[in-house]
file data-v4.cif (mmCIF, C-alpha atoms)
data_work
loop_
_atom_site.label_atom_id
_atom_site.label_comp_id
_atom_site.auth_asym_id
_atom_site.auth_seq_id
_atom_site.Cartn_x
_atom_site.Cartn_y
_atom_site.Cartn_z
CA MET A 266 26.76 73.09 75.37
CA PRO A 267 24.06 71.75 77.74
CA LYS A 268 20.71 70.87 76.22
CA ILE A 269 17.63 72.06 78.04
CA THR A 270 14.14 70.78 77.25
CA TYR A 271 11.08 72.95 77.79
CA LYS A 272 7.77 71.11 77.85
CA ASP A 273 4.39 72.76 77.94
CA LYS A 274 1.37 71.42 79.76
CA GLU A 275 0.03 69.78 76.61
CA GLY A 276 3.27 67.80 76.29
CA ALA A 277 4.79 69.66 73.34
CA SER A 278 8.52 69.94 73.94
CA ARG A 279 11.42 71.93 72.56
CA THR A 280 15.05 71.19 73.24
CA ILE A 281 17.65 73.91 72.80
CA ASP A 282 21.32 74.49 73.55
CA VAL A 283 21.85 76.96 76.37
CA ASP A 284 25.24 78.41 77.21
CA ASN A 285 26.75 77.58 80.57
CA GLY A 286 26.16 80.44 82.98
CA LEU A 287 22.89 81.58 81.50
CA SER A 288 19.69 80.97 83.43
CA VAL A 289 17.08 78.55 82.15
CA MET A 290 14.83 81.63 81.79
CA GLU A 291 17.38 83.54 79.67
CA GLY A 292 17.86 80.52 77.42
CA ALA A 293 14.11 80.41 76.79
CA ILE A 294 13.79 84.14 76.14
CA GLN A 295 16.72 84.21 73.69
CA LYS A 296 15.21 81.40 71.64
CA ASN A 297 11.60 82.59 71.90
CA ILE A 298 10.39 79.55 73.81
CA PRO A 299 6.72 80.14 74.62
CA GLY A 300 5.36 79.74 78.14
CA ILE A 301 8.00 81.76 79.97
CA ASP A 302 7.17 85.46 80.29
CA ALA A 303 9.89 86.76 82.65
CA ASP A 304 8.23 90.16 83.06
CA CYS A 305 10.72 91.44 85.62
CA GLY A 306 13.76 90.36 83.61
CA GLY A 307 15.19 88.02 86.23
CA SER A 308 15.12 90.06 89.44
CA MET A 309 12.99 87.49 91.27
CA ALA A 310 10.14 89.94 91.46
CA CYS A 311 7.32 88.59 89.31
CA ALA A 312 7.04 84.76 89.23
CA THR A 313 6.26 84.71 85.51
CA CYS A 314 9.17 82.42 84.63
CA HIS A 315 7.73 79.69 86.85
CA VAL A 316 8.49 76.08 85.85
CA TYR A 317 8.04 72.60 87.28
CA VAL A 318 11.22 70.53 87.61
CA GLU A 319 11.27 66.72 87.73
CA GLN A 320 12.38 65.33 91.08
CA LYS A 321 15.61 63.79 89.79
CA TRP A 322 16.69 67.16 88.44
CA LEU A 323 15.34 69.07 91.40
CA ASP A 324 17.79 67.19 93.62
CA LYS A 325 20.70 68.45 91.50
CA LEU A 326 19.75 72.11 91.88
CA PRO A 327 20.90 74.31 94.73
CA LYS A 328 17.99 74.75 97.14
CA ALA A 329 15.74 77.72 96.44
CA GLU A 330 16.49 80.66 98.69
CA ASP A 331 13.73 82.19 100.83
CA ALA A 332 13.08 85.05 98.43
CA GLU A 333 12.48 82.60 95.60
CA VAL A 334 10.12 80.47 97.68
CA ASP A 335 8.21 83.60 98.73
CA MET A 336 7.89 84.59 95.10
CA ILE A 337 6.69 81.11 94.12
CA ASP A 338 3.76 81.70 96.52
CA MET A 339 2.59 84.26 93.96
CA ALA A 340 3.00 81.99 90.94
CA TYR A 341 0.16 80.46 88.98
CA GLU A 342 -0.59 76.95 90.32
CA PRO A 343 2.57 76.39 92.35
CA LYS A 344 3.51 72.82 93.23
CA LYS A 345 6.17 71.19 95.39
CA ASN A 346 8.51 70.99 92.39
CA SER A 347 8.02 74.63 91.38
CA ARG A 348 11.07 76.78 90.69
CA LEU A 349 11.69 80.14 89.07
CA SER A 350 13.66 79.47 85.91
CA CYS A 351 15.57 82.75 86.33
CA GLN A 352 17.23 81.19 89.36
CA ILE A 353 18.37 77.97 87.67
CA ILE A 354 21.82 78.56 86.25
CA VAL A 355 22.81 76.24 83.42
CA SER A 356 25.96 74.12 83.82
CA ASP A 357 27.29 70.88 82.32
CA GLU A 358 25.75 69.06 85.25
CA LEU A 359 22.31 70.17 84.08
CA ASP A 360 22.79 68.87 80.52
CA GLY A 361 19.49 67.19 79.65
CA LEU A 362 17.41 69.13 82.18
CA ILE A 363 13.67 69.02 81.51
CA VAL A 364 11.37 71.75 82.79
CA THR A 365 7.61 71.99 82.31
CA THR A 366 5.86 75.32 82.01
CA PRO A 367 2.50 75.86 83.76
CA SER A 368 -0.70 76.33 81.74
CA LYS A 369 -0.19 80.07 82.08
CA GLN A 370 2.13 82.43 83.89
CA SER A 371 -0.32 84.99 85.26
CA MET B 4 -8.12 119.71 78.61
CA LYS B 5 -4.74 120.36 80.18
CA LYS B 6 -1.99 121.60 77.86
CA THR B 7 1.62 120.85 78.59
CA ASP B 8 4.95 120.22 76.85
CA ALA B 9 5.22 116.50 77.53
CA ILE B 10 2.94 113.80 78.88
CA ILE B 11 4.88 111.18 80.80
CA ILE B 12 3.23 107.78 81.12
CA GLY B 13 4.60 105.93 84.12
CA ALA B 14 5.86 107.29 87.45
CA GLY B 15 8.70 104.82 87.90
CA PRO B 16 12.29 106.02 88.32
CA VAL B 17 12.69 106.81 84.62
CA GLY B 18 9.36 108.63 84.37
CA LEU B 19 10.30 110.74 87.39
CA PHE B 20 13.73 111.56 85.99
CA ALA B 21 12.01 112.58 82.75
CA VAL B 22 10.37 115.40 84.73
CA HIS B 23 13.84 116.54 85.74
CA GLN B 24 15.40 116.38 82.29
CA LEU B 25 12.47 118.25 80.76
CA GLY B 26 12.31 120.66 83.69
CA ILE B 27 15.90 121.85 83.47
CA LYS B 28 15.24 122.59 79.80
CA GLY B 29 12.29 124.74 80.83
CA LEU B 30 9.63 122.26 79.70
CA LYS B 31 6.49 121.49 81.68
CA SER B 32 5.16 117.98 82.02
CA VAL B 33 2.53 115.84 83.70
CA VAL B 34 2.95 112.26 84.91
CA ILE B 35 0.22 109.63 84.78
CA ASP B 36 0.42 106.28 86.57
CA ASN B 37 -1.99 103.47 87.29
CA LEU B 38 -0.58 102.83 90.78
CA ASP B 39 -1.61 104.85 93.82
CA LYS B 40 1.97 106.06 94.39
CA ALA B 41 5.08 107.03 92.48
CA GLY B 42 8.00 104.64 92.11
CA GLY B 43 6.82 101.94 89.70
CA GLN B 44 8.53 98.57 90.10
CA CYS B 45 10.93 100.11 92.65
CA ILE B 46 8.10 100.78 95.06
CA GLU B 47 5.81 97.92 94.14
CA LEU B 48 8.22 95.02 93.69
CA TYR B 49 11.31 95.84 95.73
CA PRO B 50 10.78 98.78 98.10
CA ASP B 51 13.05 97.16 100.72
CA LYS B 52 15.49 95.38 98.45
CA PRO B 53 18.89 96.89 97.72
CA ILE B 54 19.98 98.36 94.39
CA TYR B 55 23.75 98.52 93.88
CA ASP B 56 24.15 99.93 90.39
CA ILE B 57 23.03 103.52 90.53
CA PRO B 58 26.17 105.57 89.78
CA ALA B 59 27.59 107.24 92.89
CA VAL B 60 24.96 105.61 95.09
CA PRO B 61 26.70 102.46 96.39
CA GLU B 62 23.51 101.07 97.87
CA CYS B 63 19.91 102.14 98.21
CA THR B 64 16.49 100.52 98.34
CA GLY B 65 13.72 100.94 95.79
CA GLU B 66 11.89 103.17 98.22
CA GLU B 67 14.93 105.34 98.94
CA LEU B 68 15.62 105.81 95.24
CA THR B 69 12.00 106.86 94.66
CA LYS B 70 12.12 109.34 97.55
CA LYS B 71 15.35 110.89 96.26
CA LEU B 72 13.95 111.24 92.74
CA LEU B 73 10.78 112.88 94.06
CA GLU B 74 12.99 115.28 96.01
CA GLN B 75 15.06 115.98 92.91
CA ILE B 76 12.00 116.93 90.82
CA GLN B 77 10.29 118.86 93.60
CA PRO B 78 11.39 122.29 92.18
CA PHE B 79 9.37 121.68 89.02
CA LYS B 80 6.07 121.29 90.92
CA THR B 81 4.82 118.73 88.45
CA ASP B 82 1.35 117.22 88.77
CA LEU B 83 1.30 113.46 89.26
CA PHE B 84 -1.98 111.89 88.18
CA LEU B 85 -2.01 108.64 90.15
CA ASN B 86 -4.61 105.84 90.08
CA GLU B 87 -5.12 106.73 86.44
CA ARG B 88 -4.45 104.68 83.37
CA VAL B 89 -3.99 106.13 79.91
CA GLU B 90 -6.61 104.59 77.67
CA GLU B 91 -6.40 106.51 74.42
CA VAL B 92 -3.80 108.36 72.40
CA LYS B 93 -4.87 110.43 69.40
CA GLN B 94 -3.10 112.84 67.08
CA GLU B 95 -4.42 116.36 66.56
CA LYS B 96 -2.18 118.28 64.17
CA GLU B 97 1.20 118.71 65.89
CA ASN B 98 -0.12 117.56 69.26
CA TRP B 99 -0.99 114.32 70.94
CA ILE B 100 -4.20 114.01 72.93
CA VAL B 101 -4.19 111.57 75.82
CA LYS B 102 -7.33 110.39 77.58
CA THR B 103 -7.29 108.51 80.88
CA ASN B 104 -9.78 106.11 82.46
CA GLN B 105 -10.72 108.97 84.84
CA ASN B 106 -11.72 111.00 81.80
CA ASN B 107 -8.89 113.47 82.18
CA ARG B 108 -7.60 114.84 78.88
CA PHE B 109 -4.13 116.15 78.16
CA SER B 110 -2.58 117.72 75.10
CA ALA B 111 1.14 118.00 74.31
CA PRO B 112 3.55 117.78 71.38
CA ASN B 113 5.39 114.99 73.20
CA ILE B 114 4.52 111.75 74.93
CA ILE B 115 7.19 109.89 76.86
CA ILE B 116 6.19 106.32 77.57
CA ALA B 117 8.11 105.15 80.63
CA GLY B 118 5.72 102.33 81.31
CA GLY B 119 8.07 99.59 82.53
CA VAL B 120 6.48 96.27 81.76
CA GLY B 121 3.01 97.77 81.74
CA SER B 122 0.55 98.66 84.45
CA PHE B 123 0.24 96.70 87.65
CA GLU B 124 -2.90 94.69 88.25
CA PRO B 125 -3.74 92.19 90.97
CA ARG B 126 -2.94 88.60 90.08
CA LYS B 127 -6.31 86.94 89.77
CA LEU B 128 -7.49 83.46 90.69
CA GLY B 129 -7.47 81.13 87.70
CA ILE B 130 -10.29 79.03 89.07
CA LYS B 131 -13.67 78.44 87.38
CA ASP B 132 -16.36 80.97 88.30
CA ALA B 133 -13.84 83.33 89.93
CA GLU B 134 -14.84 86.09 87.54
CA LYS B 135 -18.54 85.64 88.34
CA PHE B 136 -17.97 86.43 92.02
CA GLU B 137 -15.36 89.16 91.51
CA ASP B 138 -16.06 92.49 93.22
CA LYS B 139 -19.15 91.03 94.90
CA TYR B 140 -17.89 88.14 96.99
CA LEU B 141 -14.32 87.76 95.76
CA PHE B 142 -11.88 90.63 96.20
CA TYR B 143 -8.22 91.30 95.41
CA ALA B 144 -8.03 94.36 97.66
CA VAL B 145 -9.93 95.74 100.62
CA LYS B 146 -11.35 99.19 100.02
CA ASP B 147 -14.36 99.44 102.33
CA LYS B 148 -13.77 97.52 105.56
CA ASP B 149 -17.46 97.69 106.54
CA LYS B 150 -18.33 95.22 103.81
CA PHE B 151 -16.33 92.61 105.67
CA LYS B 152 -18.05 92.69 109.05
CA ASN B 153 -19.71 89.60 110.59
CA LYS B 154 -18.81 87.31 107.73
CA ASN B 155 -17.00 84.07 107.14
CA ILE B 156 -13.92 85.24 105.28
CA SER B 157 -11.38 83.00 103.60
CA ILE B 158 -8.08 84.74 102.91
CA PHE B 159 -5.54 83.28 100.48
CA GLY B 160 -1.86 84.18 100.46
CA GLY B 161 1.19 83.99 102.67
CA GLY B 162 2.58 87.49 102.55
CA ASP B 163 2.06 90.81 104.30
CA SER B 164 -1.27 91.69 102.69
CA ALA B 165 -2.85 88.36 103.62
CA LEU B 166 -1.51 88.52 107.19
CA ASP B 167 -2.37 92.17 107.82
CA TRP B 168 -5.93 91.80 106.61
CA ALA B 169 -6.38 88.55 108.54
CA LEU B 170 -5.42 90.46 111.69
CA GLU B 171 -7.57 93.47 110.97
CA LEU B 172 -10.71 91.65 109.81
CA SER B 173 -10.52 89.09 112.64
CA LYS B 174 -11.81 91.89 114.88
CA TYR B 175 -15.28 91.49 113.42
CA SER B 176 -15.31 88.32 111.36
CA LYS B 177 -14.34 84.67 111.36
CA ILE B 178 -11.18 84.26 109.32
CA ASN B 179 -9.72 81.28 107.51
CA LEU B 180 -6.14 81.94 106.47
CA ILE B 181 -5.14 79.59 103.68
CA HIS B 182 -1.63 79.14 102.29
CA ARG B 183 0.14 76.62 100.10
CA ARG B 184 2.92 75.99 102.63
CA LYS B 185 3.34 76.16 106.39
CA GLU B 186 5.64 79.18 106.46
CA PHE B 187 4.22 82.68 106.24
CA ARG B 188 6.27 85.70 105.24
CA GLY B 189 5.64 88.57 107.60
CA ALA B 190 6.99 90.67 110.44
CA PRO B 191 7.70 88.58 113.58
CA HIS B 192 5.21 90.70 115.53
CA THR B 193 2.45 90.05 112.99
CA LEU B 194 3.19 86.34 112.97
CA SER B 195 2.96 86.08 116.75
CA GLU B 196 -0.33 88.03 116.75
CA ILE B 197 -1.73 85.60 114.19
CA LYS B 198 -0.62 82.66 116.33
CA LYS B 199 -2.37 84.17 119.34
CA LEU B 200 -5.61 84.70 117.45
CA GLU B 201 -5.40 81.13 116.18
CA ASN B 202 -5.19 79.90 119.76
CA ASP B 203 -8.17 82.10 120.66
CA GLY B 204 -10.19 80.55 117.84
CA LYS B 205 -10.52 83.80 115.88
CA ILE B 206 -8.34 82.76 112.95
CA PHE B 207 -8.27 79.28 111.45
CA ILE B 208 -5.07 78.50 109.61
CA LYS B 209 -5.23 75.97 106.78
CA THR B 210 -1.86 74.84 105.40
CA PRO B 211 -0.38 73.42 103.24
CA CYS B 212 -3.29 73.60 100.85
CA GLN B 213 -4.65 75.34 97.80
CA LEU B 214 -8.03 76.42 96.50
CA GLU B 215 -9.86 73.72 94.60
CA SER B 216 -13.22 75.38 93.93
CA ILE B 217 -15.55 78.17 94.93
CA ASP B 218 -19.02 76.82 95.48
CA GLY B 219 -22.29 78.70 95.22
CA LYS B 220 -24.84 79.92 92.72
CA ASN B 221 -25.38 83.65 93.00
CA ASN B 222 -23.28 84.16 96.08
CA ILE B 223 -20.48 82.13 97.61
CA ASP B 224 -21.70 79.38 99.99
CA SER B 225 -18.41 77.65 100.61
CA ILE B 226 -15.00 76.89 99.19
CA THR B 227 -13.15 73.62 98.81
CA VAL B 228 -9.44 73.44 99.52
CA LYS B 229 -7.10 70.55 98.81
CA PHE B 230 -4.27 69.70 101.17
CA ASP B 231 -0.89 68.42 100.03
CA ASN B 232 -1.77 64.94 101.32
CA GLY B 233 -4.70 64.81 98.91
CA LYS B 234 -7.45 65.41 101.47
CA THR B 235 -10.04 68.08 100.71
CA GLU B 236 -12.03 70.27 103.05
CA ASN B 237 -15.17 72.27 102.47
CA ILE B 238 -15.14 75.59 104.33
CA LYS B 239 -18.21 77.75 104.86
CA THR B 240 -17.33 81.07 103.28
CA ASP B 241 -19.16 84.29 102.42
CA ILE B 242 -16.19 86.25 101.14
CA VAL B 243 -12.91 85.26 99.51
CA LEU B 244 -9.91 87.60 99.64
CA SER B 245 -6.98 86.68 97.43
CA PHE B 246 -3.54 88.24 97.84
CA PHE B 247 -1.12 86.86 95.29
CA GLY B 248 0.66 90.08 94.48
CA LEU B 249 0.57 92.08 91.30
CA ILE B 250 1.24 91.26 87.71
CA MET B 251 2.20 93.65 84.96
CA LYS B 252 0.03 94.04 81.91
CA LEU B 253 0.91 96.08 78.86
CA GLY B 254 -2.74 97.09 78.46
CA PRO B 255 -3.87 99.69 75.92
CA ILE B 256 -0.29 100.70 74.92
CA ALA B 257 -0.32 97.81 72.43
CA GLU B 258 -3.13 99.49 70.51
CA TRP B 259 -1.54 102.87 69.79
CA GLY B 260 -0.02 101.88 66.48
CA LEU B 261 3.54 101.73 67.75
CA ASN B 262 6.00 99.19 66.38
CA MET B 263 6.30 96.52 69.03
CA SER B 264 8.45 93.46 69.55
CA LYS B 265 8.08 91.01 72.44
CA LYS B 266 5.93 93.35 74.56
CA THR B 267 8.42 96.21 74.12
CA ILE B 268 8.28 99.32 71.94
CA GLU B 269 10.88 99.70 69.21
CA VAL B 270 12.80 102.98 69.30
CA ASN B 271 15.88 104.45 67.68
CA ALA B 272 18.91 104.72 69.95
CA LYS B 273 19.51 108.36 69.00
CA ASN B 274 16.58 110.04 70.70
CA PHE B 275 14.40 107.08 71.66
CA GLU B 276 11.55 108.15 69.45
CA THR B 277 9.12 105.45 68.30
CA ASN B 278 7.74 105.10 64.78
CA LYS B 279 5.37 107.96 65.68
CA LYS B 280 6.91 111.44 65.71
CA GLY B 281 6.72 112.91 69.18
CA ILE B 282 6.09 109.63 70.98
CA PHE B 283 9.13 108.39 72.86
CA ALA B 284 9.66 105.19 74.81
CA VAL B 285 12.26 104.92 77.55
CA GLY B 286 13.24 102.51 80.32
CA ASP B 287 12.25 98.85 80.44
CA ILE B 288 9.50 99.25 77.86
CA CYS B 289 11.73 100.25 74.97
CA SER B 290 13.93 98.07 72.81
CA TYR B 291 16.85 98.81 70.51
CA PRO B 292 20.03 96.89 69.68
CA GLY B 293 21.97 96.31 72.88
CA LYS B 294 19.20 97.45 75.21
CA LEU B 295 19.78 96.69 78.90
CA LYS B 296 16.87 96.84 81.32
CA LEU B 297 18.69 98.93 83.89
CA ILE B 298 17.47 102.05 85.68
CA LEU B 299 20.78 103.59 84.66
CA SER B 300 20.01 103.00 80.96
CA GLY B 301 16.56 104.53 81.40
CA PHE B 302 18.11 107.72 82.81
CA HIS B 303 20.36 108.02 79.76
CA GLU B 304 17.49 107.35 77.38
CA VAL B 305 15.26 110.02 78.87
CA ALA B 306 18.05 112.61 78.88
CA LEU B 307 18.44 112.21 75.13
CA ALA B 308 14.69 112.01 74.46
CA SER B 309 14.15 115.27 76.35
CA VAL B 310 16.33 117.15 73.82
CA GLU B 311 14.06 116.07 70.98
CA CYS B 312 11.03 116.97 73.15
CA PHE B 313 12.47 120.47 73.49
CA LYS B 314 12.82 120.85 69.72
CA ARG B 315 9.19 119.82 69.21
CA ALA B 316 7.81 121.94 72.06
CA ARG B 317 9.85 125.05 71.18
CA PRO B 318 10.23 124.90 67.39
CA ASN B 319 11.27 128.55 67.21
CA GLU B 320 13.98 128.33 69.84
CA LYS B 321 17.44 126.92 69.47
CA TYR B 322 18.39 124.14 71.87
CA ARG B 323 21.52 124.98 73.78
CA PHE B 324 23.34 122.28 75.75
CA GLU B 325 24.12 123.42 79.28
CA PHE B 326 25.64 122.02 82.46
CA THR B 327 23.69 122.24 85.71
CA THR B 328 26.91 123.22 87.49
CA SER B 329 27.41 126.39 85.50
CA SER B 330 24.08 127.37 83.96
CA LYS B 331 22.36 130.23 85.76
CA THR B 332 19.12 129.50 83.89
CA ILE B 333 19.04 125.90 85.05
CA GLN B 334 19.89 126.88 88.60
CA GLU B 335 17.00 129.35 88.58
CA ARG B 336 14.68 126.61 87.36
CA LEU B 337 15.92 124.47 90.23
CA GLY B 338 15.19 127.32 92.64
CA LYS B 339 18.83 127.67 93.59
CA LYS B 340 19.32 131.36 92.73
#
call {"tool": "encode", "arguments": {"input": "data-v4.cif", "output": "structure tokens"}}
result
Amino acid sequence: MPKITYKDKEGASRTIDVDNGLSVMEGAIQKNIPGIDADCGGSMACATCHVYVEQKWLDKLPKAEDAEVDMIDMAYEPKKNSRLSCQIIVSDELDGLIVTTPSKQS
Amino acid sequence: MKKTDAIIIGAGPVGLFAVHQLGIKGLKSVVIDNLDKAGGQCIELYPDKPIYDIPAVPECTGEELTKKLLEQIQPFKTDLFLNERVEEVKQEKENWIVKTNQNNRFSAPNIIIAGGVGSFEPRKLGIKDAEKFEDKYLFYAVKDKDKFKNKNISIFGGGDSALDWALELSKYSKINLIHRRKEFRGAPHTLSEIKKLENDGKIFIKTPCQLESIDGKNNIDSITVKFDNGKTENIKTDIVLSFFGLIMKLGPIAEWGLNMSKKTIEVNAKNFETNKKGIFAVGDICSYPGKLKLILSGFHEVALASVECFKRARPNEKYRFEFTTSSKTIQERLGKK
């Protein structure tokens, strides 16, 4: 099962197993990882599951669709490597993925 | 104080359908919502986006679903108290007393909380001093246009609200439109108007950049923005408008003594009552084993909750299950006979 690491802004990190097919957001919610709120439940409507993804991993992800990029405009402190974790679907290829949560979600 | 059979908190799809389920059982209700219109997340987050999982409705938008629900509950002539947030819930014998931030008071044996993920509030700037200037020189909505005449206005955001207000306010003020990326999201017509005004020197577009600081003592003198290439620019500004959408906040609900877990209210899956008799939670805000956050599930939950509401509101009457297809009483209530 792929391992996903969630880091917070202070550098604290937690690594968990996430089933293939789940989103990085769902993995976090199921295991009570702090820093990801996911208010809308994954419908790309709230930008409270916002994470930063390292460049080397960013290149492995399918490009964000327009609706996701529009939603990231609303996120707290968006950067070039911002993604919504509800749109990152876990697969073997993403084993070892590291995401960093922003200092707050809203 | 207004007396009724059930107080519904939240005018989203599930709150609206609650009116129907109570109404066909002959119960009166009121609906209270913090937004200025009915529809909840459907109208605020995805009015134009398609929904494909409403039974027998292969496809509809959030706005269409809201309109249909409003039409469906029209026969019950229920009062919707919009722009109002419930602040306080108190028990008085068999009844619950609800007080809103507009000082309206309601009394009923039942409360149905259909509050979604909480009430919508503008997403605020996280920057230092933002709070100090809020509602004086920094705004998250435009209420009185006159306040914004002959000023230097810096507008943040890349969506419809930012674009529409940039257009409107450029008639009387100098506008800086600031966005974190080059692309704006808006109607083609709006975008071409903006482009035209930029060429005419009425609107100054600053992209890709983000707000670094708001500068000024008592009032705003200027703002500093930082571009992606690391350069910063100081922009003379009297007023900042920020349009980064809405967030959902649970608000006072957390303080009503209900058993909560992860920002949701725990209910039983039999009638969706909370740990307080006569307070029900339905839709996205409730949790029970197997809960799915679907509109469809909310409809089911409120149908069952309304039966218990009937028993509490009419303790001396026997509840009789009826079909809308064959019940003359229900059809009368729907104004069909």
call {"tool": "closest_atom_pairs", "arguments": {"input": "data-v4.cif", "of": "chain A", "to": "chain B", "cutoff": "8 Å", "atoms": "all atoms listed in the file", "output": "CSV"}}
result
residue,atom,partner,partner_atom,distance
A:Asp304,CA,B:Val120,CA,6.5
A:Cys305,CA,B:Val120,CA,7.5
A:Gly306,CA,B:Lys296,CA,7.5
A:Ala310,CA,B:Leu48,CA,5.9
A:Cys311,CA,B:Ile250,CA,6.8
A:Asp335,CA,B:Arg188,CA,7.1
A:Asp338,CA,B:Gly161,CA,7.0
A:Met339,CA,B:Phe247,CA,4.7
A:Ala340,CA,B:Phe247,CA,7.7
A:Tyr341,CA,B:Gly129,CA,7.8
A:Ser371,CA,B:Arg126,CA,6.6
call {"tool": "residues_around", "arguments": {"input": "data-v4.cif", "residues": "Thr280 (chain A)", "least_positions_apart": "3", "cutoff": "10 Å", "atoms": "all atoms listed in the file", "output": "PyMOL selection string"}}
result
chain A and resi 268-272+283+293+298+361-363
call {"tool": "atom_distance", "arguments": {"input": "data-v4.cif", "atom1": "CA of Ile181 (chain B)", "atom2": "CA of Asp273 (chain A)"}}
result
28.3 Å
call {"tool": "atom_distance", "arguments": {"input": "data-v4.cif", "atom1": "CA of Glu311 (chain B)", "atom2": "CA of Lys102 (chain B)"}}
result
23.1 Å
call {"tool": "closest_residue", "arguments": {"input": "data-v4.cif", "among": "A:Val289, A:Leu326, A:Ile281, A:Cys314", "to": "Pro343 (chain A)", "atoms": "all atoms listed in the file"}}
result
A:Cys314
call {"tool": "residues_around", "arguments": {"input": "data-v4.cif", "residues": "Gln320 (chain A)", "least_positions_apart": "3", "cutoff": "10 Å", "atoms": "all atoms listed in the file", "output": "list of chain:residue names"}}
result
A:Tyr317, A:Leu323, A:Asp324, A:Lys325, A:Lys345, A:Asn346
call {"tool": "resolve_selection", "arguments": {"input": "data-v4.cif", "expression": "the PyMOL selection byres ((chain A and resi 274) around 9)", "output": "list of chain:residue names"}}
result
A:Lys272, A:Asp273, A:Glu275, A:Gly276, A:Ala277, A:Thr365, A:Thr366, A:Pro367, A:Ser368
call {"tool": "residues_around", "arguments": {"input": "data-v4.cif", "residues": "Thr313 (chain A)", "least_positions_apart": "3", "cutoff": "6 Å", "atoms": "only C-alpha atoms", "output": "list in words"}}
result
Asp302, Ala303 and Gln370 of chain A
call {"tool": "residues_near_point", "arguments": {"input": "data-v4.cif", "point": "(-19.7, 74.4, 105.0)", "cutoff": "9 Å", "atoms": "all atoms listed in the file", "output": "list of chain:residue names"}}
result
B:Asp224, B:Ser225, B:Ile226, B:Glu236, B:Asn237, B:Ile238, B:Lys239, B:Thr240
call {"tool": "atom_distance", "arguments": {"input": "data-v4.cif", "atom1": "CA of Glu304 (chain B)", "atom2": "CA of Phe324 (chain B)"}}
result
16.1 Å
call {"tool": "resolve_selection", "arguments": {"input": "data-v4.cif", "expression": "the PyMOL selection byres ((chain A and resi 350-355) around 8)", "output": "list of chain:residue names"}}
result
A:Pro267, A:Val283, A:Asp284, A:Asn285, A:Gly286, A:Leu287, A:Ser288, A:Val289, A:Met290, A:Glu291, A:Ala303, A:Gly307, A:Ser308, A:Met309, A:Cys314, A:His315, A:Val316, A:Leu326, A:Glu333, A:Arg348, A:Leu349, A:Ser356, A:Asp357, A:Glu358, A:Leu359, A:Asp360
call {"tool": "closest_residue", "arguments": {"input": "data-v4.cif", "among": "B:Lys6, B:Gly118, B:Asn106, B:Gln75", "to": "Asn37 (chain B)", "atoms": "only C-alpha atoms"}}
result
B:Gly118
